[in-house]
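Colleague: Supplied structure: query11.cif, mmCIF, C-alpha atoms.
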data_run
#
loop_
_atom_site.label_atom_id
_atom_site.label_comp_id
_atom_site.auth_asym_id
_atom_site.auth_seq_id
_atom_site.Cartn_x
_atom_site.Cartn_y
_atom_site.Cartn_z
CA MET U 94 0.00 0.00 0.00
CA VAL U 95 1.41 3.27 -1.05
CA MET U 96 0.32 6.19 1.03
CA LYS U 97 0.78 9.41 -0.80
CA SER U 98 1.87 12.17 1.46
CA GLU U 99 -0.63 14.65 0.08
CA ASN U 100 -3.52 12.38 1.04
CA VAL U 101 -2.75 12.43 4.74
CA GLY U 102 -2.23 16.14 5.00
CA LEU U 103 -4.01 18.17 7.64
CA ASP U 104 -6.47 19.43 5.07
CA PHE U 105 -8.63 16.32 5.43
CA SER U 106 -10.88 15.38 8.30
CA ILE U 107 -10.19 12.28 10.38
CA GLU U 108 -13.07 10.35 8.81
CA GLU U 109 -11.78 11.13 5.40
CA GLN U 110 -8.26 10.14 6.33
CA THR U 111 -9.39 6.78 7.71
CA GLN U 112 -11.54 6.31 4.65
CA ARG U 113 -8.51 6.87 2.50
CA LEU U 114 -6.45 4.43 4.54
CA ILE U 115 -9.13 1.72 4.30
CA ASN U 116 -9.77 2.28 0.66
CA PRO U 117 -6.67 3.83 -0.74
CA ALA U 118 -7.68 3.68 -4.37
CA GLU U 119 -6.58 6.93 -5.86
CA LYS U 120 -8.70 9.25 -7.86
CA PRO U 121 -7.83 9.39 -11.52
CA GLN U 122 -5.16 12.06 -11.50
CA VAL U 123 -5.87 13.38 -14.97
CA THR U 124 -9.39 14.68 -14.41
CA GLN U 125 -8.47 16.26 -11.09
CA ASP U 126 -5.75 18.25 -12.74
CA LEU U 127 -8.06 19.14 -15.55
CA SER U 128 -10.89 20.33 -13.35
CA ASN U 129 -8.49 22.48 -11.42
CA ASN U 130 -7.21 24.15 -14.52
CA VAL U 131 -9.88 24.11 -17.19
CA VAL U 132 -13.20 25.94 -17.20
CA LEU U 133 -15.93 24.84 -19.52
CA THR U 134 -18.53 27.48 -20.23
CA THR U 135 -20.36 29.13 -23.05
CA LEU U 136 -19.44 32.44 -24.54
CA ASN U 137 -22.85 33.73 -23.53
CA ASP U 138 -22.32 32.89 -19.88
CA LEU U 139 -18.83 34.31 -19.84
CA TYR U 140 -19.97 37.52 -21.50
CA ASN U 141 -22.94 37.95 -19.16
CA TRP U 142 -20.97 37.00 -16.06
CA SER U 143 -18.28 39.55 -16.76
CA ARG U 144 -20.83 42.22 -17.52
CA MET U 145 -23.09 41.67 -14.53
CA SER U 146 -20.15 41.42 -12.16
CA SER U 147 -18.89 44.85 -12.99
CA LEU U 148 -22.02 46.98 -13.10
CA TRP U 149 -20.75 50.44 -12.49
CA PRO U 150 -23.51 52.71 -11.23
CA MET U 151 -23.44 56.42 -11.70
CA LEU U 152 -23.51 58.63 -8.63
CA TYR U 153 -26.88 60.15 -9.25
CA GLY U 154 -29.02 61.35 -6.37
CA THR U 155 -31.51 64.18 -6.28
CA SER U 156 -33.00 63.77 -2.80
CA CYS U 157 -33.48 61.55 0.25
CA CYS U 158 -33.31 58.22 -1.63
CA PHE U 159 -29.64 58.89 -2.17
CA ILE U 160 -29.07 58.73 1.59
CA GLU U 161 -30.12 55.08 1.45
CA PHE U 162 -28.07 54.60 -1.68
CA ALA U 163 -25.06 56.10 0.09
CA ALA U 164 -25.65 53.68 2.98
CA MET U 165 -25.51 50.95 0.35
CA ILE U 166 -22.10 52.20 -0.78
CA GLY U 167 -20.79 52.12 2.80
CA SER U 168 -19.19 49.15 4.50
CA ARG U 169 -22.26 47.89 6.33
CA PHE U 170 -24.18 46.94 3.19
CA ASP U 171 -21.12 46.99 0.96
CA PHE U 172 -22.21 46.81 -2.62
CA ASP U 173 -18.66 46.61 -3.90
CA ARG U 174 -19.01 42.87 -3.45
CA PHE U 175 -21.43 42.86 -6.37
CA GLY U 176 -18.74 44.54 -8.43
CA LEU U 177 -20.57 47.84 -8.22
CA LEU U 178 -18.12 50.67 -8.28
CA PRO U 179 -19.73 54.10 -8.12
CA ARG U 180 -18.57 56.35 -10.92
CA SER U 181 -18.98 60.07 -11.11
CA SER U 182 -18.90 60.25 -14.89
CA PRO U 183 -21.66 58.91 -17.14
CA ARG U 184 -19.04 57.86 -19.69
CA GLN U 185 -17.72 55.22 -17.30
CA ALA U 186 -21.04 54.03 -15.90
CA ASP U 187 -23.42 51.42 -17.26
CA LEU U 188 -26.10 51.62 -14.58
CA ILE U 189 -28.01 54.62 -13.33
CA ILE U 190 -30.05 54.37 -10.15
CA THR U 191 -32.34 57.38 -10.21
CA ALA U 192 -32.41 58.07 -6.48
CA GLY U 193 -34.77 60.92 -5.76
CA THR U 194 -37.41 63.23 -7.13
CA VAL U 195 -36.91 64.35 -10.71
CA THR U 196 -38.27 67.79 -11.48
CA MET U 197 -38.92 69.51 -14.78
CA LYS U 198 -35.71 71.44 -14.27
CA MET U 199 -33.69 68.26 -13.67
CA ALA U 200 -35.31 66.26 -16.50
CA PRO U 201 -33.15 67.52 -19.39
CA ALA U 202 -30.01 66.92 -17.34
CA LEU U 203 -31.12 63.37 -16.52
CA VAL U 204 -31.87 62.53 -20.14
CA ARG U 205 -28.54 63.98 -21.17
CA LEU U 206 -26.69 61.93 -18.56
CA TYR U 207 -28.50 58.80 -19.71
CA GLU U 208 -27.61 59.46 -23.32
CA GLN U 209 -23.97 59.98 -22.41
CA MET U 210 -23.71 56.54 -20.80
CA GLN U 211 -22.13 53.68 -22.71
CA GLU U 212 -24.23 50.87 -24.13
CA PRO U 213 -25.32 48.44 -22.75
CA LYS U 214 -26.87 50.56 -20.01
CA TYR U 215 -29.47 49.87 -17.38
CA VAL U 216 -31.79 52.00 -15.29
CA ILE U 217 -33.11 51.27 -11.82
CA ALA U 218 -35.92 53.59 -10.72
CA MET U 219 -35.52 53.92 -6.98
CA GLY U 220 -38.33 55.11 -4.74
CA ALA U 221 -41.89 56.26 -5.15
CA CYS U 222 -40.96 59.62 -6.68
CA THR U 223 -39.22 58.10 -9.67
CA ILE U 224 -41.97 55.52 -10.20
CA THR U 225 -45.11 57.71 -10.14
CA GLY U 226 -44.06 61.04 -8.66
CA GLY U 227 -44.75 59.66 -5.18
CA MET U 228 -46.22 62.08 -2.69
CA PHE U 229 -45.81 64.88 -5.22
CA SER U 230 -48.06 63.15 -7.75
CA SER U 231 -51.25 64.59 -6.20
CA ASP U 232 -50.52 68.26 -6.69
CA SER U 233 -47.20 69.45 -7.99
CA TYR U 234 -46.37 71.88 -10.74
CA THR U 235 -42.91 70.56 -11.42
CA THR U 236 -42.38 66.92 -10.41
CA VAL U 237 -42.07 64.49 -13.30
CA ARG U 238 -44.62 61.73 -12.67
CA GLY U 239 -42.37 58.74 -13.09
CA VAL U 240 -38.91 58.72 -14.54
CA ASP U 241 -40.01 56.15 -17.17
CA LYS U 242 -41.58 59.05 -19.04
CA LEU U 243 -38.03 60.17 -19.77
CA ILE U 244 -35.80 57.08 -19.93
CA PRO U 245 -36.50 53.30 -20.19
CA VAL U 246 -36.47 51.61 -16.77
CA ASP U 247 -35.35 48.02 -16.13
CA VAL U 248 -36.12 47.55 -12.43
CA TYR U 249 -38.45 49.51 -10.15
CA ILE U 250 -37.80 49.65 -6.39
CA PRO U 251 -40.88 50.75 -4.43
CA GLY U 252 -40.47 52.45 -1.09
CA CYS U 253 -40.17 55.92 0.33
CA PRO U 254 -37.24 55.64 0.56
CA PRO U 255 -36.37 51.95 -0.03
CA ARG U 256 -33.99 50.29 2.42
CA PRO U 257 -30.52 49.32 1.18
CA GLU U 258 -31.67 45.69 1.20
CA ALA U 259 -34.24 46.64 -1.42
CA ILE U 260 -31.50 48.09 -3.62
CA MET U 261 -29.54 44.88 -3.13
CA ASP U 262 -32.61 42.92 -4.22
CA ALA U 263 -33.03 45.14 -7.27
CA ILE U 264 -29.40 44.65 -8.24
CA ILE U 265 -29.76 40.88 -7.94
CA LYS U 266 -32.86 41.05 -10.15
CA LEU U 267 -30.96 43.18 -12.65
CA ARG U 268 -28.12 40.64 -12.60
CA LYS U 269 -30.66 37.93 -13.40
CA LYS U 270 -31.92 40.00 -16.29
CA ILE U 271 -28.41 40.56 -17.60
CA GLY U 272 -27.72 36.83 -17.18
CA THR U 273 -30.48 35.93 -19.64
CA GLU U 274 -29.25 38.20 -22.38
CA GLY U 275 -27.66 36.69 -25.47
CA PHE U 276 -24.20 37.38 -26.77
CA LYS U 277 -25.50 37.70 -30.29
CA GLU U 278 -27.96 40.39 -29.25
CA ARG U 279 -25.13 42.78 -28.65
CA ALA U 280 -25.38 43.78 -32.28
CA ASN U 281 -28.77 45.26 -31.43
CA LEU U 282 -27.09 47.73 -29.13
CA ASP U 283 -26.02 49.79 -32.08
CA ARG U 284 -28.05 52.93 -31.93
CA THR U 285 -30.28 52.58 -34.95
CA HIS U 286 -33.33 54.09 -33.28
CA ARG U 287 -32.47 57.17 -31.37
CA TYR U 288 -34.82 59.09 -29.18
CA TYR U 289 -36.91 61.60 -30.97
CA ALA U 290 -35.19 64.91 -30.76
CA VAL U 291 -35.76 68.15 -32.53
CA LYS U 292 -32.77 69.80 -34.06
CA HIS U 293 -31.74 72.29 -31.48
CA GLU U 294 -31.35 75.76 -32.76
CA MET U 295 -29.77 77.09 -29.65
CA LYS U 296 -27.91 80.30 -29.41
CA VAL U 297 -24.66 80.44 -27.52
CA VAL U 298 -25.00 82.74 -24.56
CA SER U 299 -22.29 83.87 -22.21
CA PRO U 300 -22.04 81.71 -19.07
CA ILE U 301 -23.96 82.89 -16.01
CA LEU U 302 -21.51 81.40 -13.50
CA THR U 303 -18.54 83.69 -13.89
CA GLY U 304 -17.35 83.89 -10.30
CA GLN U 305 -18.31 87.56 -10.36
CA TYR U 306 -21.69 87.11 -8.67
CA LEU U 307 -20.87 89.25 -5.68
CA GLU U 308 -18.96 91.78 -7.75
CA MET U 309 -21.70 92.63 -10.21
CA PRO U 310 -22.19 96.40 -10.63
CA SER U 311 -25.74 96.32 -9.26
CA ARG U 312 -24.37 95.11 -5.91
CA MET U 313 -21.89 98.00 -5.78
CA SER U 314 -24.40 100.81 -6.13
CA PRO U 315 -26.81 101.20 -3.21
CA PRO U 316 -29.74 103.57 -3.71
CA GLN U 317 -28.84 107.18 -3.06
CA GLU U 318 -31.60 107.79 -0.46
CA LEU U 319 -30.17 105.04 1.73
CA VAL U 320 -26.64 106.42 1.47
CA ASP U 321 -27.93 109.88 2.33
CA SER U 322 -29.93 108.65 5.32
CA GLY U 323 -26.66 108.23 7.22
CA ILE U 324 -27.71 105.06 8.99
CA PRO U 325 -24.70 102.73 9.37
CA LEU U 326 -26.04 99.76 7.43
CA PRO U 327 -23.49 96.94 7.09
CA ALA U 328 -24.51 96.28 3.49
CA LEU U 329 -23.68 99.88 2.57
CA GLN U 330 -20.32 99.79 4.32
CA MET U 331 -19.56 96.48 2.67
CA ALA U 332 -20.39 97.88 -0.75
CA GLN U 333 -18.09 100.82 -0.14
CA LYS U 334 -15.29 98.53 1.01
CA GLU U 335 -15.72 96.27 -1.99
CA VAL U 336 -15.58 99.23 -4.34
CA GLU U 337 -12.32 100.32 -2.68
CA ILE U 338 -10.81 96.84 -2.91
CA LEU U 339 -11.76 96.36 -6.52
CA GLY U 340 -10.77 99.86 -7.46
CA ARG U 341 -13.97 100.68 -9.25
CA MET V 219 -72.99 74.00 20.38
CA ALA V 220 -74.55 77.22 19.12
CA ASP V 221 -73.96 78.82 22.52
CA ASN V 222 -70.39 77.74 22.38
CA GLN V 223 -69.92 79.32 18.98
CA GLU V 224 -71.58 82.49 20.12
CA SER V 225 -69.34 82.75 23.14
CA GLN V 226 -66.37 82.15 20.87
CA THR V 227 -67.32 84.98 18.54
CA GLU V 228 -67.93 87.17 21.59
CA SER V 229 -64.51 86.43 22.96
CA ALA V 230 -63.00 87.08 19.52
CA ALA V 231 -64.76 90.43 19.43
CA LEU V 232 -63.41 91.13 22.89
CA VAL V 233 -59.89 90.41 21.74
CA THR V 234 -60.18 92.71 18.75
CA THR V 235 -61.68 95.53 20.77
CA THR V 236 -59.19 95.23 23.60
CA GLU V 237 -56.21 97.45 22.99
CA VAL V 238 -53.33 95.07 22.40
CA SER V 239 -50.15 96.76 21.40
CA ALA V 240 -46.44 96.22 21.32
CA PRO V 241 -43.55 98.49 22.30
CA VAL V 242 -42.26 98.48 18.70
CA SER V 243 -45.60 99.60 17.36
CA GLN V 244 -45.87 102.38 19.95
CA TRP V 245 -42.31 103.51 19.27
CA LEU V 246 -42.98 103.66 15.53
CA THR V 247 -46.22 105.57 15.98
CA SER V 248 -44.58 108.06 18.31
CA ASN V 249 -41.90 108.69 15.68
CA GLY V 250 -44.41 109.28 12.95
CA PHE V 251 -44.18 105.99 11.07
CA GLU V 252 -47.72 105.25 9.97
CA HIS V 253 -48.72 101.62 10.09
CA GLU V 254 -51.58 99.34 11.01
CA PHE V 255 -51.18 97.03 13.98
CA LEU V 256 -52.59 93.62 13.07
CA GLY V 257 -52.27 92.06 16.53
CA LEU V 258 -50.02 89.47 18.08
CA ASP V 259 -49.56 85.97 16.81
CA LYS V 260 -49.81 83.05 19.23
CA GLN V 261 -46.17 83.41 20.21
CA GLY V 262 -46.65 87.08 21.00
CA VAL V 263 -44.88 88.45 17.94
CA PRO V 264 -46.44 91.74 16.83
CA ILE V 265 -47.61 91.90 13.23
CA LEU V 266 -47.52 95.24 11.45
CA LYS V 267 -49.10 96.15 8.15
CA ILE V 268 -47.21 98.70 6.11
CA ASP V 269 -47.91 100.47 2.87
CA ARG V 270 -45.31 99.60 0.26
CA GLN V 271 -44.24 103.19 -0.39
CA PHE V 272 -43.16 103.50 3.24
CA LEU V 273 -41.39 100.16 3.45
CA LEU V 274 -37.86 101.46 2.98
CA PRO V 275 -37.97 104.36 5.52
CA PHE V 276 -39.85 102.03 7.86
CA SER V 277 -37.20 99.32 7.50
CA THR V 278 -34.33 101.71 8.11
CA ALA V 279 -36.15 102.96 11.20
CA LEU V 280 -36.58 99.41 12.46
CA TYR V 281 -32.92 98.72 11.74
CA ALA V 282 -31.97 101.81 13.70
CA TYR V 283 -34.30 100.65 16.50
CA GLY V 284 -32.19 97.49 16.73
CA PHE V 285 -33.73 94.91 14.45
CA ASN V 286 -30.44 93.90 12.89
CA TYR V 287 -31.37 90.36 11.88
CA MET V 288 -33.86 89.23 9.27
CA MET V 289 -35.00 85.73 10.17
CA TYR V 290 -36.84 85.22 6.92
CA GLN V 291 -38.55 86.93 4.08
CA CYS V 292 -41.42 85.15 2.39
CA GLY V 293 -44.57 85.69 0.44
CA TYR V 294 -48.08 84.34 0.38
CA ASP V 295 -51.19 84.67 -1.67
CA ALA V 296 -54.15 85.96 0.31
CA GLY V 297 -56.55 84.24 -2.07
CA ALA V 298 -57.57 84.21 -5.71
CA GLY V 299 -58.24 87.79 -6.73
CA ASP V 300 -56.99 89.03 -3.37
CA SER V 301 -53.67 90.69 -2.74
CA LEU V 302 -50.20 89.16 -2.67
CA VAL V 303 -48.34 89.62 0.58
CA SER V 304 -44.65 90.05 1.21
CA VAL V 305 -43.70 89.13 4.78
CA TYR V 306 -40.57 90.09 6.71
CA HIS V 307 -39.69 88.62 10.08
CA LEU V 308 -37.14 90.60 12.03
CA ALA V 309 -35.32 89.97 15.26
CA LYS V 310 -33.08 91.91 17.57
CA LEU V 311 -29.89 89.98 18.13
CA THR V 312 -27.30 91.20 20.59
CA ASP V 313 -24.65 89.39 22.58
CA GLU V 314 -26.64 89.99 25.77
CA VAL V 315 -29.80 88.46 24.35
CA ILE V 316 -28.00 85.44 23.02
CA ASN V 317 -26.17 84.80 26.27
CA ASN V 318 -28.82 85.68 28.83
CA SER V 319 -32.26 84.90 27.50
CA ASP V 320 -33.99 82.37 25.34
CA ARG V 321 -36.33 84.90 23.82
CA PHE V 322 -35.42 87.90 21.71
CA GLU V 323 -37.59 90.69 20.45
CA GLU V 324 -39.23 89.95 17.14
CA VAL V 325 -41.54 91.72 14.75
CA ARG V 326 -43.32 90.68 11.60
CA ILE V 327 -44.06 93.10 8.79
CA LYS V 328 -46.60 92.48 6.07
CA VAL V 329 -46.86 94.45 2.87
CA PHE V 330 -50.09 93.87 0.96
CA LEU V 331 -49.65 94.30 -2.79
CA PRO V 332 -52.35 94.47 -5.45
CA ARG V 333 -52.30 91.46 -7.74
CA ALA V 334 -52.38 93.60 -10.86
CA ASP V 335 -49.28 95.55 -9.88
CA PRO V 336 -47.18 93.58 -7.38
CA ARG V 337 -44.21 95.89 -7.04
CA CYS V 338 -42.39 96.21 -3.76
CA PRO V 339 -39.12 97.91 -2.79
CA SER V 340 -36.27 95.57 -2.01
CA VAL V 341 -34.77 95.57 1.49
CA TYR V 342 -31.54 94.00 0.21
CA TRP V 343 -29.49 97.02 1.24
CA ILE V 344 -30.75 96.84 4.80
CA TRP V 345 -30.68 93.09 5.41
CA LYS V 346 -28.56 91.15 2.92
CA THR V 347 -30.45 87.96 3.84
CA ALA V 348 -33.21 89.25 1.61
CA ASP V 349 -31.14 88.57 -1.51
CA TRP V 350 -32.09 84.99 -2.36
CA GLN V 351 -35.31 85.02 -0.37
CA GLU V 352 -36.69 87.90 -2.41
CA ARG V 353 -35.60 86.05 -5.51
CA GLU V 354 -37.56 83.02 -4.36
CA THR V 355 -40.63 85.11 -3.56
CA PHE V 356 -40.35 86.62 -7.01
CA ASP V 357 -40.01 83.15 -8.50
CA MET V 358 -43.06 81.75 -6.73
CA TYR V 359 -45.41 84.76 -6.55
CA GLY V 360 -44.15 87.20 -9.13
CA ILE V 361 -43.65 90.00 -6.65
CA VAL V 362 -41.20 92.39 -8.31
CA TYR V 363 -38.65 93.70 -5.82
CA GLU V 364 -37.50 97.04 -7.10
CA GLY V 365 -33.88 97.79 -6.38
CA HIS V 366 -32.90 94.15 -5.98
CA PRO V 367 -29.43 93.68 -7.50
CA ASN V 368 -30.14 90.42 -9.31
CA LEU V 369 -33.84 89.65 -9.51
CA LYS V 370 -34.32 86.50 -11.55
CA ARG V 371 -35.75 83.04 -11.02
CA ILE V 372 -33.89 80.96 -8.47
CA LEU V 373 -35.74 77.61 -8.28
CA MET V 374 -37.80 77.23 -11.43
CA PRO V 375 -36.25 76.98 -14.89
CA GLU V 376 -35.50 80.44 -16.19
CA ASP V 377 -37.92 80.10 -19.11
CA TRP V 378 -40.85 78.97 -16.94
CA ILE V 379 -44.07 80.81 -17.55
CA GLY V 380 -46.22 81.85 -14.60
CA TYR V 381 -45.75 81.95 -10.86
CA PRO V 382 -46.57 78.52 -9.47
CA LEU V 383 -47.56 79.28 -5.88
CA ARG V 384 -50.23 81.80 -6.80
CA LYS V 385 -53.71 80.52 -6.01
CA ASP V 386 -54.89 81.13 -9.57
CA TYR V 387 -51.94 79.32 -11.16
CA VAL V 388 -52.92 76.59 -13.61
CA THR V 389 -50.42 73.74 -13.94
CA PRO V 390 -49.48 73.26 -17.58
CA ASP V 391 -50.64 70.00 -19.15
CA PHE V 392 -47.19 68.70 -19.94
CA TYR V 393 -46.82 65.02 -20.70
CA GLU V 394 -44.29 64.72 -17.88
CA LEU V 395 -46.74 66.20 -15.39
CA GLN V 396 -49.68 63.97 -16.26
CA ASP V 397 -50.50 61.23 -13.77
CA ALA V 398 -48.72 57.92 -14.24
CA TYR V 399 -51.30 55.16 -14.42
#
Would you write the structure of this file as structure tokens?

Modeller:
Amino acid sequence: MVMKSENVGLDFSIEEQTQRLINPAEKPQVTQDLSNNVVLTTLNDLYNWSRMSSLWPMLYGTSCCFIEFAAMIGSRFDFDRFGLLPRSSPRQADLIITAGTVTMKMAPALVRLYEQMQEPKYVIAMGACTITGGMFSSDSYTTVRGVDKLIPVDVYIPGCPPRPEAIMDAIIKLRKKIGTEGFKERANLDRTHRYYAVKHEMKVVSPILTGQYLEMPSRMSPPQELVDSGIPLPALQMAQKEVEILGR
Amino acid sequence: MADNQESQTESAALVTTTEVSAPVSQWLTSNGFEHEFLGLDKQGVPILKIDRQFLLPFSTALYAYGFNYMMYQCGYDAGAGDSLVSVYHLAKLTDEVINNSDRFEEVRIKVFLPRADPRCPSVYWIWKTADWQERETFDMYGIVYEGHPNLKRILMPEDWIGYPLRKDYVTPDFYELQDAY
């Protein structure tokens, strides 16, 4: 009886060791080596597995839902283990979790961010506000009633706001969805049908954020009656000081 | 029940007829600043009604009296067809008050503006806090603050039409704003 040293190593339990001593027939060496070194899979599975294991979400949050989303990023719920790495640029992200109320003012920015993301891209609508408008759906002059009026949504998470576990659940559901996609379908990702858009005939205007907000001329010239009144108002003194500093 | 209501209206009448006044109001009257005293709110803050053409001299007088801190500026709509109101809440903050008492002197000023012509002088040069708050009141109610250094919309998109918090505002029938069913 030949006892191979690797079979009596400490890695095996006592039962297994005695079993091996009683019945020392060795496993066929070839298959063991093979199964340790060779993976058999389909291209589809490999493609989907690599894609769903590195879903990079965009850091997008417009209100309180993002607090829960930020809790999800933290170590307690730790969504890095799903391969989710929050990105601050839409060019690097392939998942957008719309966390928070979307208003008419935010809507063009959201659509633009979505269009800047790389294909294939996915959308998770998080919270009541992004599903139907939530508590603002009864009477609001500016809340978009459901983000799916702007961009196509893959998974909806109800809740106000949803717990991080709910986001985890949504991500698992999205992974399942990605897992059923076909490798050949990737050709369909070519943008043949774009969103309807009118040709913008926009005029270039000078930027409004110039860093000169507090130095604009209208803030330097208090009304004459107030200056004449002689009351030491701090705003007047400040204006005078600013004029001196700027040399105007 | 009816008796109860009657007694309530009686007591209300009593309150209105009883001379309630505040030191600020008396001081202003004695210095020739015309205003209407609207009573005290439930926390005892006097409410004064001022005509818009006297707002600036009135505000400088209050500043000189010691109201150096504007807690907020806001607006409200008194009702469809009724006037728009610009509200200023002032407080007197000194080191003594902050260190020694939990209550400081406050006053609330209301300026009633006609809906057809809602112009109001800006108090930006007296209390700088009014800057963005007057912009917001302009955004929501369309009250035009004359003399404000940068009066434009602050919350709504700049090309928005109408003033959404007015009682007679009609929400546009945008696709995005229709109910999601």

Colleague: What's the 9 Å shell around Met358 in chain V, counting all atoms listed in the file, without same-chain residues fewer than 3 positions away, as a ChimeraX atom specification?

Modeller: /V:293,353-355,361,371,373-374,380-384

Colleague: Find the residues in chain V near chain U: any atom within 10 Å counts, using only C-alpha atoms. Write them as an MDAnalysis selection string.

Modeller: chainID V and resid 274:275 278:279 281:282 286 342:346 365:368 373:376 378 382:383 387:399

Colleague: Keeping only C-alpha atoms, write the selected residues as a PDB file, in the coordinates of the input.

Modeller:
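result.pdb written:
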ATOM      1  CA  LEU V 274     -37.860 101.460   2.980  1.00  0.00           C
ATOM      2  CA  PRO V 275     -37.970 104.360   5.520  1.00  0.00           C
ATOM      3  CA  THR V 278     -34.330 101.710   8.110  1.00  0.00           C
ATOM      4  CA  ALA V 279     -36.150 102.960  11.200  1.00  0.00           C
ATOM      5  CA  TYR V 281     -32.920  98.720  11.740  1.00  0.00           C
ATOM      6  CA  ALA V 282     -31.970 101.810  13.700  1.00  0.00           C
ATOM      7  CA  ASN V 286     -30.440  93.900  12.890  1.00  0.00           C
ATOM      8  CA  TYR V 342     -31.540  94.000   0.210  1.00  0.00           C
ATOM      9  CA  TRP V 343     -29.490  97.020   1.240  1.00  0.00           C
ATOM     10  CA  ILE V 344     -30.750  96.840   4.800  1.00  0.00           C
ATOM     11  CA  TRP V 345     -30.680  93.090   5.410  1.00  0.00           C
ATOM     12  CA  LYS V 346     -28.560  91.150   2.920  1.00  0.00           C
ATOM     13  CA  GLY V 365     -33.880  97.790  -6.380  1.00  0.00           C
ATOM     14  CA  HIS V 366     -32.900  94.150  -5.980  1.00  0.00           C
ATOM     15  CA  PRO V 367     -29.430  93.680  -7.500  1.00  0.00           C
ATOM     16  CA  ASN V 368     -30.140  90.420  -9.310  1.00  0.00           C
ATOM     17  CA  LEU V 373     -35.740  77.610  -8.280  1.00  0.00           C
ATOM     18  CA  MET V 374     -37.800  77.230 -11.430  1.00  0.00           C
ATOM     19  CA  PRO V 375     -36.250  76.980 -14.890  1.00  0.00           C
ATOM     20  CA  GLU V 376     -35.500  80.440 -16.190  1.00  0.00           C
ATOM     21  CA  TRP V 378     -40.850  78.970 -16.940  1.00  0.00           C
ATOM     22  CA  PRO V 382     -46.570  78.520  -9.470  1.00  0.00           C
ATOM     23  CA  LEU V 383     -47.560  79.280  -5.880  1.00  0.00           C
ATOM     24  CA  TYR V 387     -51.940  79.320 -11.160  1.00  0.00           C
ATOM     25  CA  VAL V 388     -52.920  76.590 -13.610  1.00  0.00           C
ATOM     26  CA  THR V 389     -50.420  73.740 -13.940  1.00  0.00           C
ATOM     27  CA  PRO V 390     -49.480  73.260 -17.580  1.00  0.00           C
ATOM     28  CA  ASP V 391     -50.640  70.000 -19.150  1.00  0.00           C
ATOM     29  CA  PHE V 392     -47.190  68.700 -19.940  1.00  0.00           C
ATOM     30  CA  TYR V 393     -46.820  65.020 -20.700  1.00  0.00           C
ATOM     31  CA  GLU V 394     -44.290  64.720 -17.880  1.00  0.00           C
ATOM     32  CA  LEU V 395     -46.740  66.200 -15.390  1.00  0.00           C
ATOM     33  CA  GLN V 396     -49.680  63.970 -16.260  1.00  0.00           C
ATOM     34  CA  ASP V 397     -50.500  61.230 -13.770  1.00  0.00           C
ATOM     35  CA  ALA V 398     -48.720  57.920 -14.240  1.00  0.00           C
ATOM     36  CA  TYR V 399     -51.300  55.160 -14.420  1.00  0.00           C
TER      37      TYR V 399
END

Colleague: To verify the selection step, state as a ChimeraX atom specification which residues the PyMOL selection byres ((chain U and resi 135-140) around 9) yields on this input.

Modeller: /U:133-134,141-145,272-277

Colleague: Evaluate the PyMOL selection byres ((chain V and resi 240) around 9) on the structure here and hand back the selected residues as a list in words.

Modeller: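 In the shown coordinates, the PyMOL selection byres ((chain V and resi 240) around 9) covers Val238, Ser239, Pro241, Val242, Ser243, Gln244, Trp245, Phe255, Gly257, Leu258, Val263 and Pro264 of chain V.
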
Colleague: Leaving out range 171-187 of chain U and any residue of its chain fewer than 6 positions from it, which residues lie within 10 Å of it when counting all atoms listed in the file, given as a PyMOL selection string?

Modeller: chain U and resi 143-153+162-165+205-216+257+260-261+264-265+268

Colleague: Calculate how many Å separate CA of Ala348 in chain V from CA of Tyr290 in chain V, rounding to one decimal.

Modeller: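 For CA of Ala348 in chain V relative to CA of Tyr290 in chain V, the distance reads 7.6 Å.
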
Colleague: Can you tell me which residues surround range 307-321 of chain V at a distance of at most 8 Å, considering all atoms listed in the file, apart from same-chain residues fewer than 4 positions away, and format the answer as a VMD selection string?

Modeller: chain V and resid 284 to 291 325 to 327

Colleague: For Tyr249 in chain U, list every protein, DNA or RNA residue within 7 Å, evaluated using all atoms listed in the file, and leave out those in the same chain fewer than 6 positions away; present the list as a ChimeraX atom specification.

Modeller: /U:217-219,224

Colleague: Of the candidates V:Glu324, V:Glu252, V:Asp295, V:Asp377, which shows the shortest atom-to-atom distance to Lys267 in chain V, using all atoms listed in the file?

Modeller: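 Of V:Glu324, V:Glu252, V:Asp295, V:Asp377, the one nearest Lys267 in chain V, counting all atoms listed in the file, is V:Glu252.
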
Colleague: How many Å separate CA of Pro201 in chain U from CA of Lys270 in chain U?

Modeller: 27.7 Å

Colleague: Emit as lines of an AutoDock Vina configuration file the padded axis-aligned box for all listed atoms of range 247-250 of chain V, 3 Å per side, with centre and edge lengths in Å to one decimal.

Modeller:
center_x = -44.1
center_y = 107.4
center_z = 15.6
size_x = 10.3
size_y = 9.7
size_z = 11.4

Colleague: So what do you get for CA of Leu273 in chain V versus CA of Glu335 in chain U, distance-wise?

Modeller: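 Straight-line distance from CA of Leu273 in chain V to CA of Glu335 in chain U works out to 26.5 Å.
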